Amino acid sequence: MIKRNYGFIAFLAATLILFIACNDESSPMDPSDAVNDIILSTTLGSSSFISTIPGLSQENVDNTEAIETTFYAYLFVHEDWLFTCPNLSGDIVEKYNIDEDGNLTLSGSMVTNQASYPSDILVINDTKAYLTLHYAGQIVEFNPTTMEQTAVIDLSGPDYAVEDNNPDPTNLLLRGNTLFVGLAQSPDGVTGHPGVHLLTIDITSNTVQDYIIDERGGSYCGRTGDQSFFFMDENENIYVSFVGSWGFVPGQRAGFLRINAGTTEFDPNYILYLDELTIANVDGGINYFNQIQYAGNNTVYGIANVPALASNPPDFINDRPGAIIKVDLVAKSAERIMFPYSKLLADVALYDNKLLAALSTTTGIGIYTYDLSTGETSQSPLVNIQGDPLFLSPMNR
């Protein structure tokens, strides 16, 4: 690795800035010189809008220069690529290249089967990626460089589905050569049959290795459109999030299961139920996460539903039952990060030693911050946005 004398470089830079300031005090830095390093998407009307922004330096972001796409489109970032899945609004998966300045250029697309609901993407390398077709009960292997389909893993039929012929694949995670695939087992697209269902697939042959079910009260394994619901810790233990039919089925619960390193079975000695967490400043507790982010050291942040703050039936347009919660997966403890309550249309991400939360609250719609070192928590947005937030991610390049 090349070592650089950063102290000397910083001294020269500071001297140059001071010299320029003394000679031309009317020449502030042009905001257009900033490099975009965060991807943001919002929903407004019947469309989603994708923007790239320069960190937290732009106070207001509208959709003037945004890319308009399908309603509630799912986004997936991999190095210099951004992929979009159209949710239920279409069958075309698109790929955008991210250039040095953080700008997006459409560079490819792939058409999936009609009404197949392309929902989750996992890139393995430059020539191999996987895409779940939630309504078709299939996983498509494709080349992410050329966007050409190369194989199909068909999970439909009675072998893996409960009652109908579709196990409803959701999230994907790779450890070694084993692909872990969540199954929602949903008869209606919202609720799930009892149990947390998961498949393991050998990617060298694209064949199913095992079908495992945990029957300790959970249901609906994973979440379409958000790969963060499956994650691996620093010791290669896999955590699987299940959403308990989003609270619509009494008795079905949400939480986390664990698959220990070196195994492909759920740990029989571990389960974390969200409704058992005692959380200060959250009346009545939480019953599911809508978005999550693993932060390392057994810590998860996410936006959770507080049933006591929701209408009955829930009004997802106007209710603000969303609280940002920090969970210790090992201690099974939790605390609320004291942002204002938000709509559940929201997202969280890690950036520059901060937790960023894209929220829609009574104090504003935009990006709030929580300093991971000091605990300082903003009560209004540092970046104001247009439309309800859907997706927030650093570019990770």
# chains A, B, ... in the order shown; residues from 1 in each chain; ligands from 1
call {"tool": "residues_around", "arguments": {"residues": "Asn297 of chain A", "least_positions_apart": "4", "cutoff": "9 Å", "atoms": "only C-alpha atoms", "output": "number ranges by chain"}}
result
A: 233-234, 328
call {"tool": "residues_around", "arguments": {"residues": "segment 106-123 of chain A", "least_positions_apart": "4", "cutoff": "8 Å", "atoms": "only C-alpha atoms", "output": "ChimeraX atom specification"}}
result
/A:74,76,78,83,85-88,90-97,128-136,144,146-149,170-173,224-227
call {"tool": "residues_around", "arguments": {"residues": "segment 237-248 of chain A", "least_positions_apart": "3", "cutoff": "7 Å", "atoms": "only C-alpha atoms", "output": "list in words"}}
result
Val190, Thr191, Gly192, Val196, Gly218, Ser219, Tyr220, Cys221, Gly222, Phe229, Phe230, Phe231, Met232, Asp233, Gln252, Arg253, Ala254, Gly255, Phe256, Leu257, Arg258, Ile259, Asn260, Ala261, Asn287, Tyr288 and Phe289 of chain A
call {"tool": "write_last_selection", "arguments": {"atoms": "C-alpha atoms", "output": "PDB file, in the first residue's frame"}}
result
ATOM      1  CA  VAL A 190     -48.959  -9.450   2.476  1.00  0.00           C
ATOM      2  CA  THR A 191     -49.443 -12.189   5.056  1.00  0.00           C
ATOM      3  CA  GLY A 192     -47.474 -15.412   5.376  1.00  0.00           C
ATOM      4  CA  VAL A 196     -39.935 -18.962   8.844  1.00  0.00           C
ATOM      5  CA  GLY A 218     -42.496 -16.317  13.248  1.00  0.00           C
ATOM      6  CA  SER A 219     -43.645 -15.930   9.659  1.00  0.00           C
ATOM      7  CA  TYR A 220     -42.863 -14.176   6.359  1.00  0.00           C
ATOM      8  CA  CYS A 221     -39.113 -14.585   5.971  1.00  0.00           C
ATOM      9  CA  GLY A 222     -37.331 -11.465   4.715  1.00  0.00           C
ATOM     10  CA  PHE A 229     -33.018  -8.027   5.930  1.00  0.00           C
ATOM     11  CA  PHE A 230     -30.441 -10.819   5.593  1.00  0.00           C
ATOM     12  CA  PHE A 231     -26.938  -9.969   6.815  1.00  0.00           C
ATOM     13  CA  MET A 232     -23.752 -11.606   8.059  1.00  0.00           C
ATOM     14  CA  ASP A 233     -21.815 -10.448  11.103  1.00  0.00           C
ATOM     15  CA  GLN A 252     -47.524 -14.388  14.173  1.00  0.00           C
ATOM     16  CA  ARG A 253     -44.439 -12.561  15.410  1.00  0.00           C
ATOM     17  CA  ALA A 254     -41.486 -10.671  13.941  1.00  0.00           C
ATOM     18  CA  GLY A 255     -37.825 -10.792  14.879  1.00  0.00           C
ATOM     19  CA  PHE A 256     -34.477 -12.354  14.063  1.00  0.00           C
ATOM     20  CA  LEU A 257     -33.151 -15.891  13.694  1.00  0.00           C
ATOM     21  CA  ARG A 258     -29.493 -16.877  13.437  1.00  0.00           C
ATOM     22  CA  ILE A 259     -27.584 -19.378  11.302  1.00  0.00           C
ATOM     23  CA  ASN A 260     -24.237 -19.904  12.962  1.00  0.00           C
ATOM     24  CA  ALA A 261     -20.957 -19.891  11.063  1.00  0.00           C
ATOM     25  CA  ASN A 287     -44.030  -5.323  16.271  1.00  0.00           C
ATOM     26  CA  TYR A 288     -41.914  -5.281  13.063  1.00  0.00           C
ATOM     27  CA  PHE A 289     -39.121  -3.497  11.236  1.00  0.00           C
TER      28      PHE A 289
END
call {"tool": "closest_residue", "arguments": {"among": "A:Val61, A:Val249, A:Val35, A:Ala73", "to": "Gly366 of chain A", "atoms": "only C-alpha atoms"}}
result
A:Val61
call {"tool": "atom_distance", "arguments": {"atom1": "atom CA of Ala184 of chain A", "atom2": "atom CA of Ala161 of chain A"}}
result
9.6 Å
call {"tool": "residues_around", "arguments": {"residues": "Leu345 of chain A", "least_positions_apart": "5", "cutoff": "8 Å", "atoms": "only C-alpha atoms", "output": "PDB file with N, CA and C atoms, in the first residue's frame"}}
result
ATOM      1  N   LEU A 359     -36.576  10.437   6.663  1.00  0.00           N
ATOM      2  CA  LEU A 359     -37.835  10.338   7.390  1.00  0.00           C
ATOM      3  C   LEU A 359     -38.859  11.346   6.881  1.00  0.00           C
ATOM      4  N   SER A 360     -40.119  11.036   7.158  1.00  0.00           N
ATOM      5  CA  SER A 360     -41.218  11.969   6.904  1.00  0.00           C
ATOM      6  C   SER A 360     -41.921  12.214   8.235  1.00  0.00           C
ATOM      7  N   ASP A 388     -42.023  11.450  -0.279  1.00  0.00           N
ATOM      8  CA  ASP A 388     -41.672  10.574   0.840  1.00  0.00           C
ATOM      9  C   ASP A 388     -40.454   9.732   0.494  1.00  0.00           C
ATOM     10  N   PRO A 389     -39.521   9.556   1.446  1.00  0.00           N
ATOM     11  CA  PRO A 389     -38.303   8.799   1.159  1.00  0.00           C
ATOM     12  C   PRO A 389     -38.562   7.298   1.033  1.00  0.00           C
ATOM     13  N   LEU A 390     -37.833   6.680   0.110  1.00  0.00           N
ATOM     14  CA  LEU A 390     -37.915   5.227  -0.084  1.00  0.00           C
ATOM     15  C   LEU A 390     -36.591   4.534   0.150  1.00  0.00           C
TER      16      LEU A 390
END
call {"tool": "residues_around", "arguments": {"residues": "Tyr301 of chain A", "least_positions_apart": "4", "cutoff": "6 Å", "atoms": "only C-alpha atoms", "output": "VMD selection string"}}
result
chain A and resid 292 to 293 325 to 326
call {"tool": "residues_around", "arguments": {"residues": "Gly284 of chain A", "least_positions_apart": "3", "cutoff": "12 Å", "atoms": "only C-alpha atoms", "output": "ChimeraX atom specification"}}
result
/A:274-281,287,305-310,321
call {"tool": "write_last_selection", "arguments": {"atoms": "N, CA and C atoms", "output": "PDB file, in the first residue's frame"}}
result
ATOM      1  N   LEU A 274     -39.289  -9.202  18.466  1.00  0.00           N
ATOM      2  CA  LEU A 274     -39.331  -7.754  18.635  1.00  0.00           C
ATOM      3  C   LEU A 274     -40.354  -7.341  19.681  1.00  0.00           C
ATOM      4  N   ASP A 275     -41.468  -8.074  19.787  1.00  0.00           N
ATOM      5  CA  ASP A 275     -42.517  -7.668  20.726  1.00  0.00           C
ATOM      6  C   ASP A 275     -42.150  -7.953  22.178  1.00  0.00           C
ATOM      7  N   GLU A 276     -40.995  -8.594  22.421  1.00  0.00           N
ATOM      8  CA  GLU A 276     -40.541  -8.830  23.790  1.00  0.00           C
ATOM      9  C   GLU A 276     -39.549  -7.772  24.268  1.00  0.00           C
ATOM     10  N   LEU A 277     -39.126  -6.875  23.363  1.00  0.00           N
ATOM     11  CA  LEU A 277     -38.160  -5.846  23.731  1.00  0.00           C
ATOM     12  C   LEU A 277     -38.829  -4.757  24.561  1.00  0.00           C
ATOM     13  N   THR A 278     -38.193  -4.397  25.652  1.00  0.00           N
ATOM     14  CA  THR A 278     -38.637  -3.262  26.458  1.00  0.00           C
ATOM     15  C   THR A 278     -37.837  -2.041  26.016  1.00  0.00           C
ATOM     16  N   ILE A 279     -38.535  -1.026  25.499  1.00  0.00           N
ATOM     17  CA  ILE A 279     -37.868   0.130  24.898  1.00  0.00           C
ATOM     18  C   ILE A 279     -38.396   1.403  25.553  1.00  0.00           C
ATOM     19  N   ALA A 280     -37.516   2.137  26.200  1.00  0.00           N
ATOM     20  CA  ALA A 280     -37.913   3.401  26.822  1.00  0.00           C
ATOM     21  C   ALA A 280     -38.392   4.382  25.759  1.00  0.00           C
ATOM     22  N   ASN A 281     -39.394   5.164  26.100  1.00  0.00           N
ATOM     23  CA  ASN A 281     -39.952   6.195  25.221  1.00  0.00           C
ATOM     24  C   ASN A 281     -40.695   5.622  24.010  1.00  0.00           C
ATOM     25  N   ASN A 287     -43.650  -3.980  16.727  1.00  0.00           N
ATOM     26  CA  ASN A 287     -44.030  -5.323  16.271  1.00  0.00           C
ATOM     27  C   ASN A 287     -43.372  -5.757  14.970  1.00  0.00           C
ATOM     28  N   ASN A 305     -42.319  -0.309  13.466  1.00  0.00           N
ATOM     29  CA  ASN A 305     -43.713   0.083  13.617  1.00  0.00           C
ATOM     30  C   ASN A 305     -44.112   0.038  15.087  1.00  0.00           C
ATOM     31  N   VAL A 306     -44.692   1.151  15.553  1.00  0.00           N
ATOM     32  CA  VAL A 306     -45.231   1.233  16.906  1.00  0.00           C
ATOM     33  C   VAL A 306     -46.757   1.133  16.786  1.00  0.00           C
ATOM     34  N   PRO A 307     -47.339  -0.027  17.068  1.00  0.00           N
ATOM     35  CA  PRO A 307     -48.778  -0.217  16.834  1.00  0.00           C
ATOM     36  C   PRO A 307     -49.650   0.807  17.548  1.00  0.00           C
ATOM     37  N   ALA A 308     -49.216   1.264  18.718  1.00  0.00           N
ATOM     38  CA  ALA A 308     -50.028   2.209  19.483  1.00  0.00           C
ATOM     39  C   ALA A 308     -50.204   3.540  18.773  1.00  0.00           C
ATOM     40  N   LEU A 309     -49.332   3.836  17.799  1.00  0.00           N
ATOM     41  CA  LEU A 309     -49.415   5.102  17.079  1.00  0.00           C
ATOM     42  C   LEU A 309     -50.094   4.972  15.724  1.00  0.00           C
ATOM     43  N   ALA A 310     -50.496   3.772  15.352  1.00  0.00           N
ATOM     44  CA  ALA A 310     -51.102   3.542  14.040  1.00  0.00           C
ATOM     45  C   ALA A 310     -52.616   3.519  14.131  1.00  0.00           C
ATOM     46  N   PRO A 321     -46.218   6.097  12.631  1.00  0.00           N
ATOM     47  CA  PRO A 321     -45.934   5.177  13.725  1.00  0.00           C
ATOM     48  C   PRO A 321     -44.491   4.678  13.742  1.00  0.00           C
TER      49      PRO A 321
END
call {"tool": "closest_residue", "arguments": {"among": "A:Leu392, A:Val77, A:Ile50, A:Ile271", "to": "Leu356 of chain A", "atoms": "only C-alpha atoms"}}
result
A:Leu392
call {"tool": "select_by_dssp", "arguments": {"residues": "segment 169-387 of chain A", "states": "helix (DSSP H, G or I)", "output": "list in words"}}
result
Gln227, Ser228, Phe229, Gly244, Ser245, Trp246, Gly247, Leu274, Asp275, Glu276, Pro307, Ala308 and Leu309 of chain A
call {"tool": "select_by_dssp", "arguments": {"residues": "segment 178-372 of chain A", "states": "strand (DSSP E or B)", "output": "PyMOL selection string"}}
result
chain A and resi 178-183+194-202+207-219+221+230-232+238-242+253+255-259+272-273+288-296+299-305+322-328+333-342+347-351+354-361+364-371
call {"tool": "write_last_selection", "arguments": {"atoms": "C-alpha atoms", "output": "CSV table (one decimal), in the first residue's frame"}}
result
chain,number,residue,atom,x,y,z
A,178,THR,CA,-24.1,-21.4,-0.5
A,179,LEU,CA,-26.9,-19.0,-1.4
A,180,PHE,CA,-29.5,-18.5,1.3
A,181,VAL,CA,-33.0,-17.6,0.0
A,182,GLY,CA,-35.9,-16.4,2.1
A,183,LEU,CA,-39.4,-17.6,1.4
A,194,PRO,CA,-46.8,-19.9,9.8
A,195,GLY,CA,-43.1,-20.6,10.1
A,196,VAL,CA,-39.9,-19.0,8.8
A,197,HIS,CA,-39.0,-20.7,5.6
A,198,LEU,CA,-35.6,-20.7,3.9
A,199,LEU,CA,-33.8,-22.5,1.1
A,200,THR,CA,-30.1,-23.1,0.6
A,201,ILE,CA,-28.7,-23.4,-2.9
A,202,ASP,CA,-25.3,-24.5,-4.2
A,207,THR,CA,-29.4,-26.8,-7.1
A,208,VAL,CA,-31.3,-26.7,-3.9
A,209,GLN,CA,-29.3,-28.2,-1.0
A,210,ASP,CA,-31.9,-27.9,1.8
A,211,TYR,CA,-35.3,-26.5,2.8
A,212,ILE,CA,-35.4,-25.5,6.5
A,213,ILE,CA,-38.3,-24.2,8.5
A,214,ASP,CA,-38.4,-22.6,12.0
A,215,GLU,CA,-41.7,-23.0,13.7
A,216,ARG,CA,-41.3,-20.9,16.9
A,217,GLY,CA,-44.0,-18.4,16.1
A,218,GLY,CA,-42.5,-16.3,13.2
A,219,SER,CA,-43.6,-15.9,9.7
A,221,CYS,CA,-39.1,-14.6,6.0
A,230,PHE,CA,-30.4,-10.8,5.6
A,231,PHE,CA,-26.9,-10.0,6.8
A,232,MET,CA,-23.8,-11.6,8.1
A,238,ILE,CA,-26.1,-15.0,9.4
A,239,TYR,CA,-29.1,-13.2,10.8
A,240,VAL,CA,-32.4,-13.6,9.1
A,241,SER,CA,-35.2,-11.1,9.8
A,242,PHE,CA,-38.8,-12.2,9.6
A,253,ARG,CA,-44.4,-12.6,15.4
A,255,GLY,CA,-37.8,-10.8,14.9
A,256,PHE,CA,-34.5,-12.4,14.1
A,257,LEU,CA,-33.2,-15.9,13.7
A,258,ARG,CA,-29.5,-16.9,13.4
A,259,ILE,CA,-27.6,-19.4,11.3
A,272,LEU,CA,-35.2,-12.6,19.1
A,273,TYR,CA,-38.8,-11.5,19.2
A,288,TYR,CA,-41.9,-5.3,13.1
A,289,PHE,CA,-39.1,-3.5,11.2
A,290,ASN,CA,-39.8,-1.9,7.9
A,291,GLN,CA,-36.2,-1.1,7.1
A,292,ILE,CA,-33.0,-2.1,8.8
A,293,GLN,CA,-29.2,-1.6,8.7
A,294,TYR,CA,-26.6,-3.8,10.3
A,295,ALA,CA,-23.8,-1.6,11.9
A,296,GLY,CA,-21.4,-4.2,13.1
A,299,THR,CA,-26.0,-3.8,16.4
A,300,VAL,CA,-28.9,-3.2,14.1
A,301,TYR,CA,-30.7,0.1,13.4
A,302,GLY,CA,-34.1,0.3,11.8
A,303,ILE,CA,-37.4,1.9,11.5
A,304,ALA,CA,-39.9,0.0,13.5
A,305,ASN,CA,-43.7,0.1,13.6
A,322,GLY,CA,-42.3,4.8,12.8
A,323,ALA,CA,-39.6,4.9,15.4
A,324,ILE,CA,-35.8,4.5,14.8
A,325,ILE,CA,-34.7,1.7,17.1
A,326,LYS,CA,-31.2,0.4,17.9
A,327,VAL,CA,-31.1,-3.3,18.8
A,328,ASP,CA,-28.3,-5.4,20.4
A,333,SER,CA,-31.9,-5.1,24.3
A,334,ALA,CA,-33.1,-2.0,22.4
A,335,GLU,CA,-33.3,1.7,22.7
A,336,ARG,CA,-35.1,4.4,20.7
A,337,ILE,CA,-33.0,7.0,18.8
A,338,MET,CA,-34.9,10.1,19.6
A,339,PHE,CA,-35.9,11.3,16.1
A,340,PRO,CA,-39.5,12.5,15.7
A,341,TYR,CA,-41.9,9.8,14.8
A,342,SER,CA,-42.1,9.2,11.0
A,347,ASP,CA,-34.8,4.3,5.2
A,348,VAL,CA,-31.6,4.3,7.3
A,349,ALA,CA,-27.9,4.1,6.2
A,350,LEU,CA,-24.5,4.5,7.7
A,351,TYR,CA,-22.3,7.4,6.5
A,354,LYS,CA,-23.3,8.8,11.4
A,355,LEU,CA,-26.6,7.1,11.1
A,356,LEU,CA,-28.6,8.8,8.4
A,357,ALA,CA,-32.4,8.5,8.6
A,358,ALA,CA,-34.6,9.6,5.6
A,359,LEU,CA,-37.8,10.3,7.4
A,360,SER,CA,-41.2,12.0,6.9
A,361,THR,CA,-42.1,13.6,10.2
A,364,GLY,CA,-39.9,18.0,8.0
A,365,ILE,CA,-39.3,15.5,5.2
A,366,GLY,CA,-35.7,14.7,4.6
A,367,ILE,CA,-32.4,13.3,6.0
A,368,TYR,CA,-31.9,13.4,9.7
A,369,THR,CA,-28.6,12.4,11.4
A,370,TYR,CA,-27.5,10.6,14.6
A,371,ASP,CA,-23.8,10.9,15.5
call {"tool": "closest_residue", "arguments": {"among": "A:Asp168, A:Asp154, A:Glu376, A:Asp80", "to": "Arg223 of chain A", "atoms": "only C-alpha atoms"}}
result
A:Asp168
call {"tool": "atom_distance", "arguments": {"atom1": "atom CA of Asn396 of chain A", "atom2": "atom CA of Asp352 of chain A"}}
result
11.6 Å
call {"tool": "closest_residue", "arguments": {"among": "A:Gly137, A:Gly251, A:Pro314, A:Pro381", "to": "Ile153 of chain A", "atoms": "only C-alpha atoms"}}
result
A:Gly137
call {"tool": "decode", "arguments": {"residues": "segment 164-222 of chain A", "atoms": "C-alpha atoms", "output": "mmCIF file, in the first residue's frame"}}
result
data_model
loop_
_atom_site.group_PDB
_atom_site.id
_atom_site.type_symbol
_atom_site.label_atom_id
_atom_site.label_comp_id
_atom_site.auth_asym_id
_atom_site.auth_seq_id
_atom_site.Cartn_x
_atom_site.Cartn_y
_atom_site.Cartn_z
ATOM 1 C CA ASP A 164 -50.140 -22.898 -3.633
ATOM 2 C CA ASN A 165 -47.319 -23.450 -6.132
ATOM 3 C CA ASN A 166 -45.232 -20.396 -5.244
ATOM 4 C CA PRO A 167 -42.962 -20.124 -2.177
ATOM 5 C CA ASP A 168 -42.510 -16.366 -2.877
ATOM 6 C CA PRO A 169 -38.699 -15.950 -2.750
ATOM 7 C CA THR A 170 -37.447 -12.773 -1.078
ATOM 8 C CA ASN A 171 -33.936 -11.956 0.128
ATOM 9 C CA LEU A 172 -30.636 -13.468 -0.961
ATOM 10 C CA LEU A 173 -27.334 -13.847 0.881
ATOM 11 C CA LEU A 174 -24.164 -15.686 -0.152
ATOM 12 C CA ARG A 175 -21.719 -17.386 2.221
ATOM 13 C CA GLY A 176 -19.058 -19.425 0.477
ATOM 14 C CA ASN A 177 -20.826 -21.229 -2.356
ATOM 15 C CA THR A 178 -24.135 -21.417 -0.515
ATOM 16 C CA LEU A 179 -26.938 -19.045 -1.432
ATOM 17 C CA PHE A 180 -29.497 -18.481 1.338
ATOM 18 C CA VAL A 181 -32.966 -17.642 0.007
ATOM 19 C CA GLY A 182 -35.860 -16.363 2.105
ATOM 20 C CA LEU A 183 -39.377 -17.599 1.351
ATOM 21 C CA ALA A 184 -42.355 -15.438 2.314
ATOM 22 C CA GLN A 185 -44.871 -18.251 1.718
ATOM 23 C CA SER A 186 -47.559 -15.622 1.218
ATOM 24 C CA PRO A 187 -51.049 -16.524 -0.061
ATOM 25 C CA ASP A 188 -51.970 -12.881 -0.699
ATOM 26 C CA GLY A 189 -48.732 -10.875 -1.057
ATOM 27 C CA VAL A 190 -48.959 -9.450 2.476
ATOM 28 C CA THR A 191 -49.443 -12.189 5.056
ATOM 29 C CA GLY A 192 -47.474 -15.412 5.376
ATOM 30 C CA HIS A 193 -48.185 -18.984 6.332
ATOM 31 C CA PRO A 194 -46.844 -19.921 9.792
ATOM 32 C CA GLY A 195 -43.138 -20.580 10.103
ATOM 33 C CA VAL A 196 -39.935 -18.962 8.844
ATOM 34 C CA HIS A 197 -39.028 -20.745 5.604
ATOM 35 C CA LEU A 198 -35.629 -20.692 3.905
ATOM 36 C CA LEU A 199 -33.774 -22.524 1.126
ATOM 37 C CA THR A 200 -30.065 -23.102 0.614
ATOM 38 C CA ILE A 201 -28.733 -23.385 -2.946
ATOM 39 C CA ASP A 202 -25.319 -24.494 -4.224
ATOM 40 C CA ILE A 203 -24.314 -21.790 -6.723
ATOM 41 C CA THR A 204 -21.807 -24.041 -8.472
ATOM 42 C CA SER A 205 -24.713 -26.139 -9.775
ATOM 43 C CA ASN A 206 -27.747 -23.932 -8.992
ATOM 44 C CA THR A 207 -29.365 -26.829 -7.140
ATOM 45 C CA VAL A 208 -31.294 -26.708 -3.883
ATOM 46 C CA GLN A 209 -29.347 -28.181 -0.977
ATOM 47 C CA ASP A 210 -31.863 -27.914 1.835
ATOM 48 C CA TYR A 211 -35.251 -26.533 2.812
ATOM 49 C CA ILE A 212 -35.432 -25.459 6.452
ATOM 50 C CA ILE A 213 -38.348 -24.172 8.545
ATOM 51 C CA ASP A 214 -38.374 -22.598 11.997
ATOM 52 C CA GLU A 215 -41.725 -23.023 13.735
ATOM 53 C CA ARG A 216 -41.311 -20.910 16.878
ATOM 54 C CA GLY A 217 -44.008 -18.385 16.053
ATOM 55 C CA GLY A 218 -42.496 -16.317 13.248
ATOM 56 C CA SER A 219 -43.645 -15.930 9.659
ATOM 57 C CA TYR A 220 -42.863 -14.176 6.359
ATOM 58 C CA CYS A 221 -39.113 -14.585 5.971
ATOM 59 C CA GLY A 222 -37.331 -11.465 4.715
#
